[in-house]
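Undergrad: Dropping in start39.txt, which is compact mmCIF, C-alpha atoms and all ligand atoms:
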```
# COMPACT_ATOMS: atom_id res chain seq x y z
CA MET D 1 18.88 21.34 -36.67
CA GLY D 2 21.05 24.32 -35.81
CA LYS D 3 18.85 26.05 -33.20
CA SER D 4 20.31 26.44 -29.73
CA SER D 5 17.49 24.45 -28.07
CA GLU D 6 18.25 21.38 -30.12
CA ILE D 7 20.05 18.31 -28.93
CA THR D 8 23.76 18.10 -29.62
CA ALA D 9 26.33 15.41 -28.94
CA SER D 10 27.36 17.17 -25.71
CA THR D 11 23.75 17.22 -24.53
CA TYR D 12 23.68 13.44 -24.93
CA ASN D 13 26.77 13.14 -22.77
CA ASN D 14 25.05 15.02 -19.96
CA LEU D 15 21.95 12.81 -19.93
CA PRO D 16 21.76 9.93 -17.46
CA THR D 17 22.62 6.60 -19.02
CA GLN D 18 20.59 4.22 -16.83
CA PRO D 19 17.82 3.20 -16.76
CA PHE D 20 17.24 5.37 -19.84
CA ALA D 21 17.76 4.30 -23.36
CA ARG D 22 17.35 6.78 -26.17
CA ASP D 23 15.76 6.84 -29.54
CA ASP D 24 17.35 9.67 -31.47
CA ARG D 25 16.21 8.52 -34.85
CA ALA D 26 16.31 11.32 -37.37
CA ARG D 27 12.50 11.41 -37.77
CA GLY D 28 12.04 14.06 -35.06
CA SER D 29 14.47 16.56 -33.59
CA THR D 30 13.80 15.62 -29.97
CA VAL D 31 15.38 12.84 -27.96
CA VAL D 32 13.04 10.28 -26.51
CA GLU D 33 14.10 8.53 -23.34
CA TYR D 34 12.73 5.25 -22.10
CA ARG D 35 12.52 4.12 -18.51
CA THR D 36 10.40 1.94 -16.25
CA PHE D 37 7.53 3.07 -14.03
CA ARG D 38 8.02 5.38 -11.05
CA ASN D 39 5.55 5.96 -8.24
CA THR D 40 5.02 9.56 -9.33
CA ASP D 41 3.94 8.52 -12.85
CA PRO D 42 0.19 7.83 -12.52
CA PRO D 43 -1.05 11.40 -13.23
CA ARG D 44 1.25 11.56 -16.27
CA LEU D 45 0.02 8.21 -17.53
CA VAL D 46 -3.56 9.39 -17.10
CA ALA D 47 -2.70 12.43 -19.24
CA VAL D 48 -1.28 10.17 -21.96
CA TRP D 49 -4.31 7.90 -21.65
CA ASN D 50 -6.70 10.80 -22.23
CA ASP D 51 -4.68 11.99 -25.20
CA ALA D 52 -4.05 8.62 -26.87
CA PHE D 53 -7.14 6.55 -26.03
CA THR D 54 -9.96 8.58 -27.45
CA GLN D 55 -11.94 5.74 -28.99
CA ARG D 56 -15.20 4.22 -27.79
CA GLY D 57 -13.56 1.42 -25.80
CA ALA D 58 -11.54 3.56 -23.41
CA PRO D 59 -13.27 5.93 -21.01
CA ARG D 60 -11.77 9.30 -20.29
CA LEU D 61 -10.13 9.34 -16.86
CA SER D 62 -10.70 12.33 -14.61
CA ASN D 63 -8.09 11.25 -12.04
CA ASN D 64 -5.89 8.31 -11.03
CA THR D 65 -8.53 6.37 -9.12
CA LEU D 66 -9.52 3.83 -11.77
CA ILE D 67 -6.04 3.17 -13.10
CA GLU D 68 -4.87 2.67 -9.51
CA ARG D 69 -7.68 0.21 -8.94
CA TYR D 70 -7.41 -1.88 -12.10
CA VAL D 71 -3.64 -1.70 -12.54
CA PHE D 72 -1.30 -0.36 -9.85
CA ALA D 73 -3.16 -1.66 -6.79
CA LYS D 74 -2.88 -5.26 -7.91
CA SER D 75 -0.24 -7.21 -6.03
CA ILE D 76 0.89 -8.71 -9.36
CA PHE D 77 1.84 -5.23 -10.64
CA ASP D 78 5.55 -5.11 -11.45
CA ARG D 79 6.98 -1.67 -12.15
CA LYS D 80 9.63 -3.27 -14.36
CA GLY D 81 6.93 -4.29 -16.85
CA LEU D 82 5.61 -0.76 -17.45
CA PHE D 83 7.67 1.36 -19.82
CA VAL D 84 7.43 5.10 -20.18
CA ALA D 85 8.65 7.27 -23.08
CA GLU D 86 9.66 10.82 -22.18
CA SER D 87 10.56 13.72 -24.40
CA ASN D 88 11.91 16.91 -22.84
CA GLY D 89 10.66 15.73 -19.45
CA VAL D 90 7.12 15.15 -20.74
CA VAL D 91 5.65 11.64 -20.84
CA VAL D 92 4.62 11.03 -24.43
CA GLY D 93 3.77 7.33 -24.32
CA PHE D 94 3.70 4.18 -22.26
CA ALA D 95 3.31 0.45 -22.67
CA HIS D 96 2.57 -2.19 -20.10
CA ALA D 97 3.39 -5.90 -20.19
CA GLY D 98 2.45 -8.62 -17.75
CA MET D 99 2.59 -12.39 -17.43
CA SER D 100 -0.56 -14.45 -17.24
CA ARG D 101 -0.50 -16.31 -13.95
CA ASN D 102 -3.48 -18.52 -14.66
CA PRO D 103 -2.68 -21.75 -12.75
CA PHE D 104 -4.35 -23.87 -15.47
CA SER D 105 -2.29 -22.55 -18.41
CA THR D 106 0.00 -25.10 -20.02
CA GLN D 107 2.27 -22.44 -21.52
CA ALA D 108 3.89 -19.33 -20.02
CA VAL D 109 2.06 -16.51 -21.81
CA GLY D 110 3.27 -12.92 -21.69
CA THR D 111 0.95 -10.13 -22.77
CA THR D 112 1.46 -6.56 -23.88
CA CYS D 113 -1.67 -5.29 -22.18
CA LEU D 114 -1.71 -1.72 -23.41
CA ILE D 115 0.33 0.68 -25.49
CA GLY D 116 -0.38 4.32 -26.19
CA VAL D 117 1.55 7.22 -27.69
CA ARG D 118 0.29 10.80 -27.72
CA PRO D 119 -1.02 11.68 -31.23
CA ALA D 120 1.58 14.41 -31.75
CA HIS D 121 4.35 11.84 -31.22
CA GLN D 122 2.93 8.94 -33.22
CA ARG D 123 4.62 7.48 -36.31
CA GLN D 124 8.06 8.33 -34.94
CA GLY D 125 8.95 4.83 -33.81
CA ILE D 126 8.08 5.39 -30.15
CA GLY D 127 5.38 2.71 -30.05
CA GLY D 128 7.80 0.25 -31.66
CA GLU D 129 10.51 0.99 -29.07
CA LEU D 130 8.04 0.58 -26.21
CA LEU D 131 6.80 -2.70 -27.67
CA LYS D 132 10.36 -4.00 -27.99
CA ARG D 133 10.92 -3.34 -24.29
CA CYS D 134 7.68 -5.09 -23.36
CA GLU D 135 8.70 -8.14 -25.38
CA GLN D 136 12.15 -8.27 -23.80
CA TYR D 137 10.62 -7.98 -20.32
CA LEU D 138 8.22 -10.84 -21.07
CA ARG D 139 11.02 -13.01 -22.46
CA ASP D 140 13.03 -12.33 -19.28
CA GLN D 141 10.00 -13.44 -17.28
CA GLY D 142 10.06 -16.77 -19.11
CA ALA D 143 7.27 -16.17 -21.64
CA GLU D 144 6.95 -19.00 -24.17
CA GLN D 145 4.33 -17.12 -26.13
CA LEU D 146 3.85 -13.39 -26.71
CA THR D 147 0.36 -11.97 -27.05
CA ALA D 148 -0.89 -8.42 -27.40
CA GLY D 149 -4.30 -7.33 -26.20
CA GLY D 150 -5.68 -8.79 -22.98
CA HIS D 151 -8.14 -11.66 -23.20
CA TRP D 152 -9.04 -14.15 -20.50
CA PRO D 153 -6.95 -15.72 -18.99
CA ASN D 154 -4.13 -13.57 -20.40
CA ASN D 155 -5.45 -10.23 -19.18
CA PRO D 156 -3.63 -9.43 -15.95
CA PHE D 157 -4.44 -5.70 -16.07
CA TYR D 158 -6.99 -3.18 -17.44
CA MET D 159 -10.09 -5.33 -17.26
CA GLY D 160 -12.71 -2.80 -16.17
CA LEU D 161 -10.83 0.06 -17.75
CA TYR D 162 -10.22 -0.84 -21.40
CA GLY D 163 -12.36 -2.74 -23.88
CA GLY D 164 -15.77 -2.81 -22.22
CA CYS D 165 -17.42 -5.46 -20.06
CA ASP D 166 -14.60 -7.97 -20.57
CA SER D 167 -11.12 -7.98 -22.09
CA PRO D 168 -11.59 -8.33 -25.88
CA GLY D 169 -7.97 -7.78 -26.94
CA PHE D 170 -7.46 -4.47 -28.76
CA LEU D 171 -10.56 -3.01 -30.34
CA LYS D 172 -10.81 -2.41 -34.06
CA SER D 173 -12.19 1.04 -33.25
CA ALA D 174 -8.59 1.76 -32.22
CA ALA D 175 -7.63 1.82 -35.89
CA ALA D 176 -3.84 1.90 -35.46
CA ALA D 177 -3.60 -1.29 -33.38
CA GLU D 178 -3.87 -3.85 -36.20
CA PRO D 179 -1.36 -2.27 -38.63
CA PHE D 180 0.98 -1.55 -35.72
CA PHE D 181 1.08 -5.10 -34.37
CA THR D 182 1.12 -6.64 -37.85
CA LYS D 183 4.12 -4.50 -38.69
CA HIS D 184 5.84 -5.88 -35.59
CA GLY D 185 5.39 -9.53 -36.53
CA TYR D 186 2.10 -10.32 -34.78
CA ARG D 187 -0.92 -12.02 -36.33
CA VAL D 188 -4.55 -12.00 -35.25
CA ASP D 189 -5.13 -15.11 -33.17
CA LEU D 190 -8.69 -14.50 -32.10
CA SER D 191 -11.49 -12.04 -32.76
CA VAL D 192 -14.09 -11.12 -30.19
CA GLN D 193 -17.48 -9.58 -30.88
CA VAL D 194 -18.64 -6.77 -28.65
CA LEU D 195 -22.44 -6.89 -28.46
CA GLN D 196 -24.80 -4.45 -26.83
CA ARG D 197 -28.53 -4.29 -26.20
CA LYS D 198 -30.37 -1.06 -25.42
CA LEU D 199 -32.77 -1.45 -22.54
CA ASP D 200 -34.78 1.72 -23.11
CA GLN D 201 -36.60 0.01 -25.94
CA PRO D 202 -39.34 -2.61 -25.56
CA MET D 203 -38.28 -6.08 -24.50
CA LYS D 204 -40.24 -9.09 -25.72
CA MET D 205 -40.32 -11.14 -22.56
CA PHE D 206 -42.95 -13.65 -23.61
CA ASP D 207 -41.93 -17.09 -24.82
CA ALA D 208 -44.31 -20.03 -24.30
CA ARG D 209 -41.32 -22.18 -23.29
CA PHE D 210 -40.74 -19.96 -20.25
CA LEU D 211 -43.97 -21.02 -18.51
CA PRO D 212 -42.81 -24.42 -17.17
CA LEU D 213 -39.38 -22.95 -16.36
CA ARG D 214 -40.92 -20.44 -14.00
CA ASN D 215 -42.18 -23.22 -11.75
CA ARG D 216 -39.00 -25.28 -11.89
CA PHE D 217 -36.31 -22.65 -11.37
CA ASP D 218 -35.51 -19.86 -8.91
CA MET D 219 -33.23 -16.93 -9.61
CA GLN D 220 -30.91 -15.60 -6.91
CA PHE D 221 -28.22 -12.99 -6.95
CA GLY D 222 -25.67 -11.56 -4.58
CA THR D 223 -22.00 -10.93 -4.06
CA PRO D 224 -20.18 -14.20 -4.69
CA ARG D 225 -18.35 -15.49 -1.64
CA ARG D 226 -15.46 -16.42 -3.85
CA LEU D 227 -14.77 -16.60 -7.56
CA LEU D 228 -13.75 -19.75 -9.43
CA SER D 229 -9.98 -19.46 -8.89
CA SER D 230 -7.32 -17.16 -7.46
CA TRP D 231 -6.65 -15.87 -10.99
CA HIS D 232 -10.38 -15.05 -11.38
CA GLU D 233 -10.06 -13.09 -8.13
CA PHE D 234 -7.11 -11.14 -9.56
CA ILE D 235 -8.91 -10.24 -12.77
CA HIS D 236 -12.62 -10.16 -11.94
CA GLY D 237 -12.58 -9.44 -8.21
CA TYR D 238 -11.67 -5.80 -8.83
CA LEU D 239 -14.97 -5.27 -10.67
CA ASP D 240 -17.03 -6.17 -7.58
CA PRO D 241 -19.37 -8.29 -9.69
CA LEU D 242 -22.75 -9.64 -8.63
CA GLN D 243 -23.43 -13.28 -9.35
CA PHE D 244 -26.82 -14.28 -10.75
CA ILE D 245 -27.70 -17.96 -10.41
CA LEU D 246 -30.68 -19.94 -11.61
CA ASN D 247 -31.26 -22.97 -9.39
CA ASP D 248 -33.34 -26.09 -9.93
CA ARG D 249 -35.85 -26.15 -7.07
CA GLN D 250 -36.17 -29.89 -7.10
CA THR D 251 -32.56 -31.04 -7.35
CA GLY D 252 -30.88 -27.97 -5.84
CA SER D 253 -28.41 -27.97 -8.73
CA TRP D 254 -27.38 -24.78 -10.53
CA VAL D 255 -28.98 -24.39 -13.94
CA ALA D 256 -27.31 -21.22 -15.24
CA ARG D 257 -25.02 -18.57 -13.78
CA THR D 258 -23.22 -15.40 -14.71
CA LEU D 259 -21.39 -12.38 -13.33
CA VAL D 260 -22.73 -8.87 -13.77
CA TRP D 261 -21.06 -5.55 -13.02
CA GLU D 262 -21.84 -1.88 -13.23
CA MET D 263 -19.59 -0.33 -15.89
CA GLU D 264 -19.30 3.00 -14.17
CA ALA D 265 -16.54 4.66 -16.20
CA PHE D 266 -18.00 3.42 -19.50
CA SER D 267 -21.46 4.64 -18.46
CA ILE D 268 -20.10 8.17 -18.21
CA HIS D 269 -18.14 7.80 -21.46
CA TRP D 270 -21.18 6.53 -23.40
CA ARG D 271 -23.69 8.65 -21.48
CA ARG D 272 -25.75 5.56 -20.74
CA PRO D 273 -25.94 3.71 -17.44
CA THR D 274 -24.44 0.40 -18.52
CA VAL D 275 -24.14 -3.08 -17.10
CA GLY D 276 -21.66 -5.70 -18.28
CA ILE D 277 -22.31 -9.43 -18.29
CA PHE D 278 -19.55 -12.02 -18.47
CA ASP D 279 -18.91 -15.70 -17.74
CA PHE D 280 -22.49 -16.46 -18.81
CA GLU D 281 -23.00 -20.18 -18.67
CA VAL D 282 -25.85 -22.71 -18.83
CA ASN D 283 -25.11 -26.00 -17.09
CA PRO D 284 -24.71 -28.55 -19.96
CA PRO D 285 -27.60 -30.87 -18.92
CA TYR D 286 -29.96 -27.90 -19.13
CA ARG D 287 -28.90 -26.65 -22.58
CA GLY D 288 -31.26 -26.57 -25.56
CA GLN D 289 -34.39 -25.91 -23.45
CA ALA D 290 -34.63 -22.09 -23.69
CA VAL D 291 -33.01 -21.82 -20.26
CA GLY D 292 -30.31 -19.36 -21.41
CA ARG D 293 -32.89 -17.14 -23.02
CA TYR D 294 -35.09 -17.27 -19.93
CA PHE D 295 -32.18 -16.51 -17.59
CA LEU D 296 -30.82 -13.61 -19.66
CA SER D 297 -34.32 -12.16 -20.10
CA LEU D 298 -34.82 -12.22 -16.32
CA ILE D 299 -31.48 -10.50 -15.74
CA MET D 300 -32.16 -7.83 -18.37
CA LYS D 301 -35.60 -7.17 -16.88
CA TYR D 302 -34.01 -6.79 -13.47
CA ILE D 303 -31.34 -4.44 -14.81
CA GLN D 304 -33.93 -2.41 -16.72
CA ASP D 305 -35.95 -1.97 -13.51
CA GLN D 306 -32.81 -0.44 -11.95
CA PHE D 307 -32.83 2.22 -14.71
CA PHE D 308 -29.83 0.95 -16.64
CA THR D 309 -30.25 1.57 -20.34
CA LEU D 310 -27.51 -0.54 -21.91
CA VAL D 311 -26.14 -4.03 -21.43
CA GLU D 312 -22.95 -5.43 -22.99
CA ILE D 313 -21.70 -8.97 -23.57
CA GLN D 314 -18.60 -10.12 -25.45
CA LEU D 315 -18.31 -13.33 -27.39
CA ASP D 316 -15.51 -15.16 -29.20
CA GLU D 317 -16.16 -14.86 -32.91
CA ASN D 318 -16.18 -18.62 -33.46
CA ASN D 319 -19.04 -19.10 -30.96
CA GLU D 320 -21.78 -19.31 -33.60
CA ALA D 321 -24.42 -20.69 -31.20
CA GLY D 322 -23.79 -17.85 -28.75
CA ARG D 323 -24.02 -15.29 -31.50
CA ARG D 324 -27.39 -16.60 -32.70
CA PHE D 325 -28.60 -16.70 -29.12
CA LEU D 326 -27.69 -13.05 -28.48
CA ARG D 327 -28.98 -11.85 -31.86
CA SER D 328 -32.34 -13.43 -31.01
CA LEU D 329 -32.43 -11.17 -27.94
CA ASP D 330 -31.75 -8.08 -30.10
CA PHE D 331 -28.09 -7.65 -29.20
CA GLU D 332 -26.17 -5.75 -31.87
CA GLN D 333 -22.48 -5.81 -32.64
CA VAL D 334 -20.82 -2.47 -31.85
CA ASP D 335 -17.12 -3.35 -32.12
CA THR D 336 -14.64 -6.19 -32.58
CA GLY D 337 -11.71 -7.05 -30.38
CA GLN D 338 -8.54 -8.68 -31.68
CA VAL D 339 -5.99 -10.69 -29.78
CA PHE D 340 -2.56 -10.73 -31.43
CA VAL D 341 0.07 -13.39 -31.08
CA LYS D 342 3.74 -13.63 -32.02
CA SER D 343 5.82 -16.75 -31.82
CA ILE D 344 9.10 -16.60 -29.94
CA GLN D 345 12.07 -17.52 -32.11
C1 LIG Z 1 -0.75 2.07 -31.78
C2 LIG Z 1 0.27 3.14 -31.33
C3 LIG Z 1 0.69 2.81 -29.91
C4 LIG Z 1 1.50 3.10 -32.27
O1 LIG Z 1 2.49 4.01 -31.75
P1 LIG Z 1 3.50 4.78 -32.74
O2 LIG Z 1 4.56 5.38 -31.89
O3 LIG Z 1 2.74 5.68 -33.64
O4 LIG Z 1 4.08 3.54 -33.56
P2 LIG Z 1 5.41 3.48 -34.48
O5 LIG Z 1 5.79 4.82 -34.92
O6 LIG Z 1 6.43 2.69 -33.75
O7 LIG Z 1 4.82 2.65 -35.71
C5 LIG Z 1 5.44 1.51 -36.23
C6 LIG Z 1 4.65 1.03 -37.43
O8 LIG Z 1 3.31 0.64 -37.05
C7 LIG Z 1 2.39 0.95 -38.14
N1 LIG Z 1 1.44 1.99 -37.71
C8 LIG Z 1 1.47 2.70 -36.58
N2 LIG Z 1 0.41 3.54 -36.53
C9 LIG Z 1 -0.30 3.36 -37.66
C10 LIG Z 1 -1.48 3.95 -38.18
N3 LIG Z 1 -2.16 4.92 -37.52
N4 LIG Z 1 -1.92 3.52 -39.38
C11 LIG Z 1 -1.26 2.56 -40.07
N5 LIG Z 1 -0.10 1.99 -39.62
C12 LIG Z 1 0.35 2.37 -38.43
C13 LIG Z 1 3.27 1.47 -39.26
O9 LIG Z 1 3.66 0.36 -40.06
C14 LIG Z 1 4.46 2.06 -38.51
O10 LIG Z 1 5.61 2.13 -39.29
P3 LIG Z 1 5.83 3.39 -40.29
O11 LIG Z 1 5.55 4.64 -39.49
O12 LIG Z 1 7.27 3.23 -40.68
O13 LIG Z 1 4.87 3.22 -41.42
C15 LIG Z 1 -0.33 4.57 -31.42
O14 LIG Z 1 -0.91 4.74 -32.71
C16 LIG Z 1 -1.39 4.88 -30.39
O15 LIG Z 1 -1.06 5.25 -29.26
N6 LIG Z 1 -2.69 4.78 -30.77
C17 LIG Z 1 -3.76 5.10 -29.85
C18 LIG Z 1 -3.88 4.06 -28.75
C19 LIG Z 1 -4.10 2.68 -29.30
O16 LIG Z 1 -4.92 2.48 -30.18
N7 LIG Z 1 -3.37 1.70 -28.75
C20 LIG Z 1 -3.53 0.32 -29.17
C21 LIG Z 1 -4.63 -0.30 -28.40
S1 LIG Z 1 -4.33 -0.27 -26.69
```
Taking this structure as input, can you express it in the form of structure tokens?
TA:
Amino acid sequence: MGKSSEITASTYNNLPTQPFARDDRARGSTVVEYRTFRNTDPPRLVAVWNDAFTQRGAPRLSNNTLIERYVFAKSIFDRKGLFVAESNGVVVGFAHAGMSRNPFSTQAVGTTCLIGVRPAHQRQGIGGELLKRCEQYLRDQGAEQLTAGGHWPNNPFYMGLYGGCDSPGFLKSAAAAEPFFTKHGYRVDLSVQVLQRKLDQPMKMFDARFLPLRNRFDMQFGTPRRLLSSWHEFIHGYLDPLQFILNDRQTGSWVARTLVWEMEAFSIHWRRPTVGIFDFEVNPPYRGQAVGRYFLSLIMKYIQDQFFTLVEIQLDENNEAGRRFLRSLDFEQVDTGQVFVKSIQ
């Protein structure tokens, strides 16, 4: 303190009072102001993104296009749920909260979808202040449960932009997330495995059990006319996924189905053309007959023929059968997602 550029009591008096709130804790000499989103913010948020999210699960953004698409363009976007921290007119962090509007949820769940502070401003309480505002916003929206880290169906924003082929919560490769949320009263509710398979290595396609399946089933793919629900449209529609379906020739019934999308931004980030697979499902009567293996092998062969070199799937950690299934197809774990939860007092 003592230099002319530093903040004094009279400086505080000249700063606007609303909608700002200030954190002038003694840790740093600058005043941090908090406000909600403005239409001119996107380029500044992209700058924070590129500074704060440098891990494997968050692609570098070269402009606003993707964040507009996966966040601001959604009709459910509410500017009052996105909080910005500014220091000396520069955006140094932001956090974004949103309610899950899944029509089948039995509880009102509010999620802190993303939080990032520029490295030079971390460990000064800014993340904590942003999180507090997110929680208050969610409470005001009627949340009965607070979660942090998007995971279906509580992932209103950022699917396609953060976390990989699906929303896995916050990735462990973002090392600060777990201590940060634990410190703020959250606990890990769910872990998600992020699994990848390289396609520029040989694929063992032969399995004697596939032979009869070839005659019984047909694979089709195309743009789905509609997704399973309006909430699916809100979350998955923005990815423009293709649907692959295996049909039973005799009965006409679906045997297995999944959605597949081209992970463009991640492909650039990882320097590998990558495809994401999610909502992979074998119709229960057809389970236990190597159908899943056959279907996924066909899809991977198709993707490989299109010159993609990596495929990603995510799986809840307690899905032991799924894990064995994917391991048998040479998928390897590359990261772990964590969904945090905090009970409302
Ligand atoms: C996670 C993040 C938002 C925290 O922001 P922050 O402003 O540094 O957080 P705070 O200063 O409010 O930290 C509060 C507490 O969280 C814990 N914490 C925060 N960062 C930590 C770290 N890197 N290692 C261990 N504990 C950490 C500490 O207990 C800290 O209290 P302390 O400083 O008194 O020890 C910030 O580290 C960040 O932007 N990281 C990169 C992006 C990211 O990973 N986001 C989460 C996934 S989207």
Undergrad: Between D:Gln136, D:Asn283, D:Thr309, D:Ser62, which is the closest to Ser267 of chain D once you count all atoms listed in the file?
TA: D:Thr309
Undergrad: Taking only C-alpha atoms and all ligand atoms into account, produce a table as JSON lines in which each residue of chain D with an atom at most 6 Å from an atom of ligand LIG 1 (chain Z) appears once, together with its shortest atom pair and the distance in Å to one decimal, ordered by chain and rising number.
TA:
```
{"residue": "D:Ala52", "atom": "CA", "partner": "Z:LIG1", "partner_atom": "C17", "distance": 4.6}
{"residue": "D:Phe53", "atom": "CA", "partner": "Z:LIG1", "partner_atom": "C18", "distance": 4.9}
{"residue": "D:Leu114", "atom": "CA", "partner": "Z:LIG1", "partner_atom": "S1", "distance": 4.4}
{"residue": "D:Ile115", "atom": "CA", "partner": "Z:LIG1", "partner_atom": "S1", "distance": 4.9}
{"residue": "D:Gly116", "atom": "CA", "partner": "Z:LIG1", "partner_atom": "O15", "distance": 3.3}
{"residue": "D:Val117", "atom": "CA", "partner": "Z:LIG1", "partner_atom": "O15", "distance": 3.6}
{"residue": "D:Arg118", "atom": "CA", "partner": "Z:LIG1", "partner_atom": "O15", "distance": 5.9}
{"residue": "D:Gln122", "atom": "CA", "partner": "Z:LIG1", "partner_atom": "O3", "distance": 3.3}
{"residue": "D:Arg123", "atom": "CA", "partner": "Z:LIG1", "partner_atom": "O5", "distance": 3.2}
{"residue": "D:Gln124", "atom": "CA", "partner": "Z:LIG1", "partner_atom": "O5", "distance": 4.2}
{"residue": "D:Gly125", "atom": "CA", "partner": "Z:LIG1", "partner_atom": "O6", "distance": 3.3}
{"residue": "D:Ile126", "atom": "CA", "partner": "Z:LIG1", "partner_atom": "O2", "distance": 3.9}
{"residue": "D:Gly127", "atom": "CA", "partner": "Z:LIG1", "partner_atom": "O2", "distance": 3.3}
{"residue": "D:Gly128", "atom": "CA", "partner": "Z:LIG1", "partner_atom": "O6", "distance": 3.5}
{"residue": "D:Phe170", "atom": "CA", "partner": "Z:LIG1", "partner_atom": "C21", "distance": 5.1}
{"residue": "D:Ala174", "atom": "CA", "partner": "Z:LIG1", "partner_atom": "O16", "distance": 4.3}
{"residue": "D:Ala176", "atom": "CA", "partner": "Z:LIG1", "partner_atom": "N3", "distance": 4.0}
{"residue": "D:Ala177", "atom": "CA", "partner": "Z:LIG1", "partner_atom": "C20", "distance": 4.5}
{"residue": "D:Pro179", "atom": "CA", "partner": "Z:LIG1", "partner_atom": "N5", "distance": 4.6}
{"residue": "D:Phe180", "atom": "CA", "partner": "Z:LIG1", "partner_atom": "O8", "distance": 3.5}
{"residue": "D:Lys183", "atom": "CA", "partner": "Z:LIG1", "partner_atom": "O9", "distance": 5.1}
```
Undergrad: Could you state the separation of atom CA of Leu310 of chain D and atom CA of Asp200 of chain D in Å, given to one decimal place?
TA: 7.7 Å
Undergrad: Show me the residues close to (-15.4, -4.6, -25.4) - anything with an atom within 12 Å, counting all atoms listed in the file - and format the list as a count of residues only.
TA: 48
Undergrad: Assuming 5 Å of padding per side, give the centre and edge lengths of the axis-aligned box around every listed atom of segment 108-120 of chain D, in Å to one decimal and as lines of an AutoDock Vina configuration file.
TA:
```
center_x = 1.1
center_y = -2.5
center_z = -25.9
size_x = 15.6
size_y = 43.7
size_z = 21.7
```
Undergrad: For a quick check of understanding, using all atoms listed in the file, which of D:Ile344, D:Leu61, D:Leu131, D:Val71 has the smallest distance to Ile268 of chain D?
TA: D:Leu61
Undergrad: Using all atoms listed in the file, can you tell me which of D:Lys74, D:His121, D:Arg272, D:Lys342 comes closest to Asp51 of chain D?
TA: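 Of the candidates, the smallest distance to Asp51 of chain D is held by D:His121.
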Undergrad: Atom CA of Glu233 of chain D and atom CA of Pro103 of chain D are how many Å apart?
TA: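 We find that atom CA of Glu233 of chain D and atom CA of Pro103 of chain D lie 12.3 Å from each other.
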Undergrad: Rank nothing, just name the residue among D:Ala256, D:Met300, D:Ala148, D:Val282 nearest to Pro202 of chain D, using all atoms listed in the file.
TA: D:Met300
Undergrad: Taking 3 positions as the minimum chain separation for residues in the same chain, which residues sit within 12 Å of Thr251 of chain D when counting only C-alpha atoms? Answer as a ChimeraX atom specification.
TA: /D:216-218,247-248,254-255
Undergrad: Go through D:Phe340, D:Phe210, D:Phe77, D:Phe37 one by one, measure the shortest atom-to-atom distance of each to Phe181 of chain D using all atoms listed in the file, and give the residue with the smallest value.
TA: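 For Phe181 of chain D, the nearest of the given residues is D:Phe340.
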Undergrad: Which polymer residues have any atom within 12 Å of an atom of Gly237 of chain D, counting only C-alpha atoms, with same-chain residues fewer than 4 positions away left out, as a list in words?
TA: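 Selected residues are Arg69, Tyr70, Lys74, Pro156, Phe157, Met159, Gly160, Thr223, Pro224, Arg225, Arg226, Leu227, Leu228, Ser229, Ser230, Trp231, His232, Glu233, Pro241, Leu242, Gln243, Leu259, Val260 and Trp261 of chain D.
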Undergrad: Selected residues, C-alpha atoms, written as a tab-separated table (two decimals), in the coordinates of the input, please.
TA:
```tsv
chain	number	residue	atom	x	y	z
D	69	ARG	CA	-7.68	0.21	-8.94
D	70	TYR	CA	-7.41	-1.88	-12.10
D	74	LYS	CA	-2.88	-5.26	-7.91
D	156	PRO	CA	-3.63	-9.43	-15.95
D	157	PHE	CA	-4.44	-5.70	-16.07
D	159	MET	CA	-10.09	-5.33	-17.26
D	160	GLY	CA	-12.71	-2.80	-16.17
D	223	THR	CA	-22.00	-10.93	-4.06
D	224	PRO	CA	-20.18	-14.20	-4.69
D	225	ARG	CA	-18.35	-15.49	-1.64
D	226	ARG	CA	-15.46	-16.42	-3.85
D	227	LEU	CA	-14.77	-16.60	-7.56
D	228	LEU	CA	-13.75	-19.75	-9.43
D	229	SER	CA	-9.98	-19.46	-8.89
D	230	SER	CA	-7.32	-17.16	-7.46
D	231	TRP	CA	-6.65	-15.87	-10.99
D	232	HIS	CA	-10.38	-15.05	-11.38
D	233	GLU	CA	-10.06	-13.09	-8.13
D	241	PRO	CA	-19.37	-8.29	-9.69
D	242	LEU	CA	-22.75	-9.64	-8.63
D	243	GLN	CA	-23.43	-13.28	-9.35
D	259	LEU	CA	-21.39	-12.38	-13.33
D	260	VAL	CA	-22.73	-8.87	-13.77
D	261	TRP	CA	-21.06	-5.55	-13.02
```
Undergrad: Could you give me, as a ChimeraX atom specification, the residues within 7 Å of Gly81 of chain D, counting all atoms listed in the file and dropping anything in the same chain fewer than 4 positions from it?
TA: /D:96-98,134,137
Undergrad: Would you mind telling me which residue in D:Ser297, D:Ser328, D:Thr274, D:Gln141 lies nearest to Asp78 of chain D when using all atoms listed in the file?
TA: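 Nearest to Asp78 of chain D: D:Gln141.
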Undergrad: Could you please determine the separation between atom CA of Glu33 of chain D and atom CA of Arg133 of chain D in Å, to one decimal place?
TA: 12.3 Å
Undergrad: So that I can see what lies close to Asn63 of chain D, please list as a PyMOL selection string the residues with an atom at most 12 Å from it, counting all atoms listed in the file and leaving out residues fewer than 4 positions away in the same chain.
TA: chain D and resi 42-47+49-50+59+67-69+265
Undergrad: Render segment 328-336 of chain D from the structure in the preceding block as a file of C-alpha atoms, as a tab-separated table (two decimals), in the first residue's frame.
TA:
```tsv
chain	number	residue	atom	x	y	z
D	328	SER	CA	-12.17	-55.88	-24.37
D	329	LEU	CA	-12.26	-53.54	-27.37
D	330	ASP	CA	-8.94	-51.95	-26.33
D	331	PHE	CA	-10.35	-48.73	-24.91
D	332	GLU	CA	-8.02	-47.13	-22.38
D	333	GLN	CA	-8.83	-44.75	-19.57
D	334	VAL	CA	-7.36	-41.29	-20.17
D	335	ASP	CA	-9.08	-39.23	-17.47
D	336	THR	CA	-11.74	-39.28	-14.75
```
